>>> print(open('structure07.csv').read())   # CSV, C-alpha atoms
chain,number,residue,atom,x,y,z
C,1,MET,CA,-2.6,10.1,-16.9
C,2,ILE,CA,-6.2,11.2,-16.4
C,3,ASP,CA,-6.3,13.4,-13.3
C,4,PHE,CA,-10.0,13.4,-12.5
C,5,ILE,CA,-13.0,11.2,-13.4
C,6,ASP,CA,-16.8,11.2,-12.9
C,7,THR,CA,-17.3,8.1,-10.8
C,8,GLU,CA,-21.1,8.0,-11.5
C,9,GLU,CA,-20.5,8.2,-15.3
C,10,LEU,CA,-17.7,5.6,-15.2
C,11,SER,CA,-19.8,3.1,-13.2
C,12,ARG,CA,-22.9,3.7,-15.3
C,13,SER,CA,-21.1,3.3,-18.6
C,14,GLY,CA,-19.0,0.2,-17.6
C,15,ARG,CA,-16.0,1.7,-19.3
C,16,THR,CA,-12.4,0.9,-18.5
C,17,LEU,CA,-9.7,3.6,-18.3
C,18,GLU,CA,-6.1,2.3,-18.5
C,19,GLY,CA,-2.6,3.6,-19.0
C,20,VAL,CA,1.0,3.6,-18.0
C,21,SER,CA,2.3,6.5,-15.9
C,22,ALA,CA,5.7,7.4,-14.6
C,23,LEU,CA,6.1,7.0,-10.8
C,24,SER,CA,6.8,10.8,-10.7
C,25,ALA,CA,3.0,11.2,-11.4
C,26,PHE,CA,2.4,9.9,-7.8
C,27,PRO,CA,4.2,12.5,-5.6
C,28,ARG,CA,3.7,10.7,-2.2
C,29,LEU,CA,5.3,7.6,-3.6
C,30,PHE,CA,8.0,9.3,-5.6
C,31,SER,CA,9.2,11.5,-2.7
C,32,ASP,CA,9.2,8.9,0.1
C,33,PHE,CA,11.5,6.3,-1.4
C,34,PRO,CA,15.0,5.9,-2.7
C,35,ASP,CA,15.7,7.0,-6.3
C,36,GLN,CA,13.4,4.9,-8.4
C,37,GLY,CA,14.7,5.9,-11.8
C,38,ASN,CA,12.0,5.8,-14.6
C,39,VAL,CA,9.6,3.3,-13.0
C,40,PRO,CA,6.4,2.7,-15.0
C,41,VAL,CA,3.1,2.2,-13.2
C,42,LYS,CA,0.6,0.2,-15.3
C,43,TRP,CA,-2.9,0.9,-14.1
C,44,ALA,CA,-6.6,0.3,-15.0
C,45,VAL,CA,-9.9,1.4,-13.5
C,46,ARG,CA,-13.1,-0.2,-14.6
C,47,GLY,CA,-16.5,1.1,-13.5
C,48,PHE,CA,-19.5,-1.2,-13.2
C,49,ARG,CA,-22.9,-1.6,-11.5
C,50,GLU,CA,-24.6,-4.6,-9.9
C,51,ILE,CA,-28.2,-5.5,-10.6
C,52,GLY,CA,-29.3,-3.8,-7.4
C,53,GLY,CA,-27.9,-0.5,-8.6
C,54,ALA,CA,-24.7,-0.3,-6.5
C,55,SER,CA,-21.8,1.3,-8.2
C,56,PHE,CA,-18.2,0.0,-8.1
C,57,LEU,CA,-14.7,0.7,-9.3
C,58,ARG,CA,-12.2,-2.1,-9.9
C,59,VAL,CA,-8.7,-0.7,-9.5
C,60,ARG,CA,-5.6,-2.5,-10.8
C,61,ALA,CA,-2.0,-1.3,-10.6
C,62,GLU,CA,1.3,-3.0,-11.2
C,63,CYS,CA,4.9,-1.7,-10.7
C,64,VAL,CA,8.2,-2.7,-9.2
C,65,LEU,CA,9.5,-0.3,-6.6
C,66,VAL,CA,13.0,-0.2,-5.0
C,67,LEU,CA,12.6,-0.3,-1.2
C,68,GLU,CA,15.2,-0.1,1.5
C,69,CYS,CA,15.5,-3.2,3.7
C,70,GLN,CA,15.1,-2.1,7.3
C,71,ARG,CA,17.6,-4.8,8.5
C,72,CYS,CA,20.6,-4.4,6.2
C,73,LEU,CA,19.7,-1.0,4.6
C,74,GLU,CA,20.2,-2.4,1.1
C,75,GLY,CA,17.8,-1.6,-1.7
C,76,PHE,CA,15.7,-4.4,-3.2
C,77,ASP,CA,12.9,-4.8,-5.7
C,78,TRP,CA,9.3,-5.1,-4.4
C,79,SER,CA,6.6,-6.1,-6.9
C,80,ILE,CA,3.2,-4.4,-6.4
C,81,ASP,CA,0.2,-6.0,-7.9
C,82,VAL,CA,-3.1,-4.3,-6.8
C,83,ASP,CA,-6.5,-5.7,-7.7
C,84,ARG,CA,-9.3,-4.2,-5.6
C,85,THR,CA,-12.9,-3.5,-5.9
C,86,LEU,CA,-14.4,-0.4,-4.2
C,87,GLU,CA,-18.0,0.5,-3.8
C,88,VAL,CA,-18.8,4.1,-4.8
C,89,VAL,CA,-21.3,5.8,-2.5
C,90,ASP,CA,-22.9,9.3,-2.3
C,91,SER,CA,-21.9,10.5,1.1
C,92,GLU,CA,-19.5,10.0,4.0
C,93,GLU,CA,-22.3,8.6,6.1
C,94,ALA,CA,-23.0,5.9,3.5
C,95,ALA,CA,-19.2,5.2,3.4
C,96,GLU,CA,-19.0,4.8,7.1
C,97,ALA,CA,-22.2,2.7,7.4
C,98,GLY,CA,-21.3,-0.9,8.3
C,99,LEU,CA,-17.7,-0.1,9.5
C,100,ALA,CA,-18.7,-1.2,13.0
C,101,GLU,CA,-19.3,-4.7,11.7
C,102,ALA,CA,-15.6,-5.1,10.9
C,103,ASP,CA,-16.3,-7.8,8.3
C,104,PRO,CA,-12.9,-8.5,6.6
C,105,GLU,CA,-14.7,-9.6,3.4
C,106,ALA,CA,-16.7,-6.4,3.1
C,107,VAL,CA,-15.9,-4.2,0.1
C,108,GLU,CA,-14.4,-0.9,1.1
C,109,ARG,CA,-16.6,2.2,0.3
C,110,ILE,CA,-15.4,5.5,-1.2
C,111,VAL,CA,-17.3,8.7,-1.7
C,112,GLY,CA,-17.7,9.3,-5.4
C,113,SER,CA,-17.9,12.7,-7.2
C,114,ARG,CA,-18.1,14.3,-10.6
C,115,ARG,CA,-14.4,15.3,-10.1
C,116,PHE,CA,-12.8,12.3,-8.4
C,117,ASP,CA,-8.9,12.2,-8.1
C,118,LEU,CA,-8.0,9.1,-10.1
C,119,ALA,CA,-4.2,9.5,-9.6
C,120,GLY,CA,-4.8,9.9,-5.8
C,121,LEU,CA,-6.9,6.7,-5.8
C,122,ILE,CA,-4.2,4.6,-7.7
C,123,GLU,CA,-1.5,6.1,-5.4
C,124,ASP,CA,-3.5,5.2,-2.3
C,125,GLU,CA,-3.9,1.6,-3.5
C,126,ILE,CA,-0.2,1.2,-4.2
C,127,ILE,CA,0.7,2.6,-0.7
C,128,LEU,CA,-1.8,0.2,0.9
C,129,ALA,CA,-0.1,-2.7,-1.0
C,130,MET,CA,3.4,-1.9,0.4
C,131,PRO,CA,4.9,-3.7,3.4
C,132,TYR,CA,4.8,-1.7,6.6
C,133,VAL,CA,8.4,-2.7,7.3
C,134,PRO,CA,10.2,-3.5,4.1
C,135,LYS,CA,12.9,-6.2,4.4
C,136,HIS,CA,14.5,-9.0,2.5
C,137,ASP,CA,13.4,-12.5,3.3
C,138,ILE,CA,17.1,-13.2,3.7
C,139,CYS,CA,19.5,-10.3,3.6
C,140,PRO,CA,22.4,-10.6,1.2
C,141,ARG,CA,24.8,-9.4,3.9
C,142,PRO,CA,24.3,-9.4,7.6
C,143,PRO,CA,22.9,-6.2,9.2
C,144,ALA,CA,25.5,-3.7,10.3
C,145,SER,CA,24.6,-4.1,14.0
C,146,ALA,CA,24.9,-7.9,13.8
C,147,ALA,CA,28.3,-7.9,12.0
C,148,GLY,CA,30.9,-9.1,14.4
C,149,SER,CA,28.5,-9.3,17.3
C,150,GLU,CA,30.0,-12.2,19.2
C,151,THR,CA,28.4,-12.7,22.6
C,152,ASP,CA,30.1,-10.1,24.8
C,153,THR,CA,30.7,-11.5,28.2
C,154,SER,CA,32.9,-8.7,29.5
C,155,SER,CA,29.9,-6.8,30.9
C,156,PRO,CA,27.3,-8.4,33.2
C,157,SER,CA,23.7,-8.7,32.0
C,158,PRO,CA,21.5,-5.9,33.4
C,159,PHE,CA,19.0,-8.7,34.3
C,160,ALA,CA,21.5,-10.7,36.4
C,161,ALA,CA,20.4,-8.9,39.6
C,162,LEU,CA,16.8,-9.8,38.8
C,163,GLY,CA,17.8,-13.4,38.4
C,164,LYS,CA,19.4,-13.5,41.8
C,165,MET,CA,16.3,-11.9,43.4
C,166,LYS,CA,14.1,-14.5,41.8
C,167,LYS,CA,16.1,-17.3,43.4
C,168,HIS,CA,15.5,-16.0,46.9
>>> encode(input="structure07.csv", output="structure tokens")
Amino acid sequence: MIDFIDTEELSRSGRTLEGVSALSAFPRLFSDFPDQGNVPVKWAVRGFREIGGASFLRVRAECVLVLECQRCLEGFDWSIDVDRTLEVVDSEEAAEAGLAEADPEAVERIVGSRRFDLAGLIEDEIILAMPYVPKHDICPRPPASAAGSETDTSSPSPFAALGKMKKH
């Protein structure tokens, strides 16, 4: 994996950098999830410029992670397929310009440099593509808290008193 790139040079040249890296090359991903085994992450970053001179990076990444379902706590495969274009700007001020507009179609801006962390960029994009609360569409077995949870009528509802007050 290439650790650092010159964003200006990559955008100007229009080159594409690509490779396959082990998930262990992305420490924030590798440490926060169940054992992933030897998961390959296929990635590519292409630099380009528009006619007006604006510089961009197109970031692509693909992998299959094992996530833990938050309902049943079983592991399941989650396919990640990132394809994002980012505008490369010279300063934080330029990156933040236009954020107030909150245009959902606007291209995200990043501050470029001669020593830009490529692995960190790919890792960030994978993290952003993950579900906030991972869960199966349909769990293969019922969640532990729901197993055998017949309606328990032995204890009164804590809201029963409120219901009586409402009737008066």
>>> atom_distance(input="structure07.csv", atom1="CA of Leu128 (chain C)", atom2="CA of Val45 (chain C)")
16.6 Å
>>> residues_around(input="structure07.csv", residues="Asp137 (chain C)", least_positions_apart="2", cutoff="12 Å", atoms="all atoms listed in the file", output="list in words")
Cys69, Gln70, Arg71, Cys72, Phe76, Asp77, Trp78, Val133, Pro134, Lys135, Cys139, Pro140 and Arg141 of chain C
>>> atom_distance(input="structure07.csv", atom1="CA of Gly19 (chain C)", atom2="CA of Trp43 (chain C)")
5.6 Å
>>> atom_distance(input="structure07.csv", atom1="CA of Ile2 (chain C)", atom2="CA of Glu93 (chain C)")
27.8 Å
>>> residues_around(input="structure07.csv", residues="Glu125 (chain C)", least_positions_apart="2", cutoff="12 Å", atoms="all atoms listed in the file", output="PDB file with C-alpha atoms, in the coordinates of the input")
ATOM      1  CA  PHE C  26       2.400   9.900  -7.800  1.00  0.00           C
ATOM      2  CA  ARG C  28       3.700  10.700  -2.200  1.00  0.00           C
ATOM      3  CA  LEU C  29       5.300   7.600  -3.600  1.00  0.00           C
ATOM      4  CA  VAL C  41       3.100   2.200 -13.200  1.00  0.00           C
ATOM      5  CA  TRP C  43      -2.900   0.900 -14.100  1.00  0.00           C
ATOM      6  CA  ALA C  44      -6.600   0.300 -15.000  1.00  0.00           C
ATOM      7  CA  VAL C  45      -9.900   1.400 -13.500  1.00  0.00           C
ATOM      8  CA  ARG C  58     -12.200  -2.100  -9.900  1.00  0.00           C
ATOM      9  CA  VAL C  59      -8.700  -0.700  -9.500  1.00  0.00           C
ATOM     10  CA  ARG C  60      -5.600  -2.500 -10.800  1.00  0.00           C
ATOM     11  CA  ALA C  61      -2.000  -1.300 -10.600  1.00  0.00           C
ATOM     12  CA  GLU C  62       1.300  -3.000 -11.200  1.00  0.00           C
ATOM     13  CA  CYS C  63       4.900  -1.700 -10.700  1.00  0.00           C
ATOM     14  CA  ILE C  80       3.200  -4.400  -6.400  1.00  0.00           C
ATOM     15  CA  ASP C  81       0.200  -6.000  -7.900  1.00  0.00           C
ATOM     16  CA  VAL C  82      -3.100  -4.300  -6.800  1.00  0.00           C
ATOM     17  CA  ASP C  83      -6.500  -5.700  -7.700  1.00  0.00           C
ATOM     18  CA  ARG C  84      -9.300  -4.200  -5.600  1.00  0.00           C
ATOM     19  CA  THR C  85     -12.900  -3.500  -5.900  1.00  0.00           C
ATOM     20  CA  LEU C  86     -14.400  -0.400  -4.200  1.00  0.00           C
ATOM     21  CA  GLU C 108     -14.400  -0.900   1.100  1.00  0.00           C
ATOM     22  CA  LEU C 118      -8.000   9.100 -10.100  1.00  0.00           C
ATOM     23  CA  ALA C 119      -4.200   9.500  -9.600  1.00  0.00           C
ATOM     24  CA  GLY C 120      -4.800   9.900  -5.800  1.00  0.00           C
ATOM     25  CA  LEU C 121      -6.900   6.700  -5.800  1.00  0.00           C
ATOM     26  CA  ILE C 122      -4.200   4.600  -7.700  1.00  0.00           C
ATOM     27  CA  GLU C 123      -1.500   6.100  -5.400  1.00  0.00           C
ATOM     28  CA  ILE C 127       0.700   2.600  -0.700  1.00  0.00           C
ATOM     29  CA  LEU C 128      -1.800   0.200   0.900  1.00  0.00           C
ATOM     30  CA  ALA C 129      -0.100  -2.700  -1.000  1.00  0.00           C
ATOM     31  CA  MET C 130       3.400  -1.900   0.400  1.00  0.00           C
TER      32      MET C 130
END
>>> closest_residue(input="structure07.csv", among="C:Glu92, C:Glu9, C:Glu68, C:Asp124", to="Phe56 (chain C)", atoms="all atoms listed in the file")
C:Glu9
>>> closest_residue(input="structure07.csv", among="C:Gln36, C:Leu17, C:Leu65, C:Asp3", to="Ile126 (chain C)", atoms="all atoms listed in the file")
C:Leu65
>>> residues_around(input="structure07.csv", residues="Pro40 (chain C)", least_positions_apart="5", cutoff="7 Å", atoms="only C-alpha atoms", output="PDB file with C-alpha atoms, in the coordinates of the input")
ATOM      1  CA  VAL C  20       1.000   3.600 -18.000  1.00  0.00           C
ATOM      2  CA  SER C  21       2.300   6.500 -15.900  1.00  0.00           C
ATOM      3  CA  ALA C  22       5.700   7.400 -14.600  1.00  0.00           C
ATOM      4  CA  LEU C  23       6.100   7.000 -10.800  1.00  0.00           C
ATOM      5  CA  CYS C  63       4.900  -1.700 -10.700  1.00  0.00           C
TER       6      CYS C  63
END
>>> closest_residue(input="structure07.csv", among="C:Ala97, C:Leu73, C:Leu57, C:Leu10", to="Arg115 (chain C)", atoms="all atoms listed in the file")
C:Leu10
>>> residues_around(input="structure07.csv", residues="Ser55 (chain C)", least_positions_apart="4", cutoff="7 Å", atoms="all atoms listed in the file", output="compact mmCIF listing (two decimals) with C-alpha atoms, keeping the file's coordinate frame")
# COMPACT_ATOMS: atom_id res chain seq x y z
CA SER C 11 -19.80 3.10 -13.20
CA PHE C 48 -19.50 -1.20 -13.20
CA ARG C 49 -22.90 -1.60 -11.50
CA GLU C 50 -24.60 -4.60 -9.90
CA GLU C 87 -18.00 0.50 -3.80
CA VAL C 88 -18.80 4.10 -4.80
>>> closest_residue(input="structure07.csv", among="C:Ile138, C:Ile5, C:Val64, C:Ala25", to="Arg46 (chain C)", atoms="all atoms listed in the file")
C:Ile5
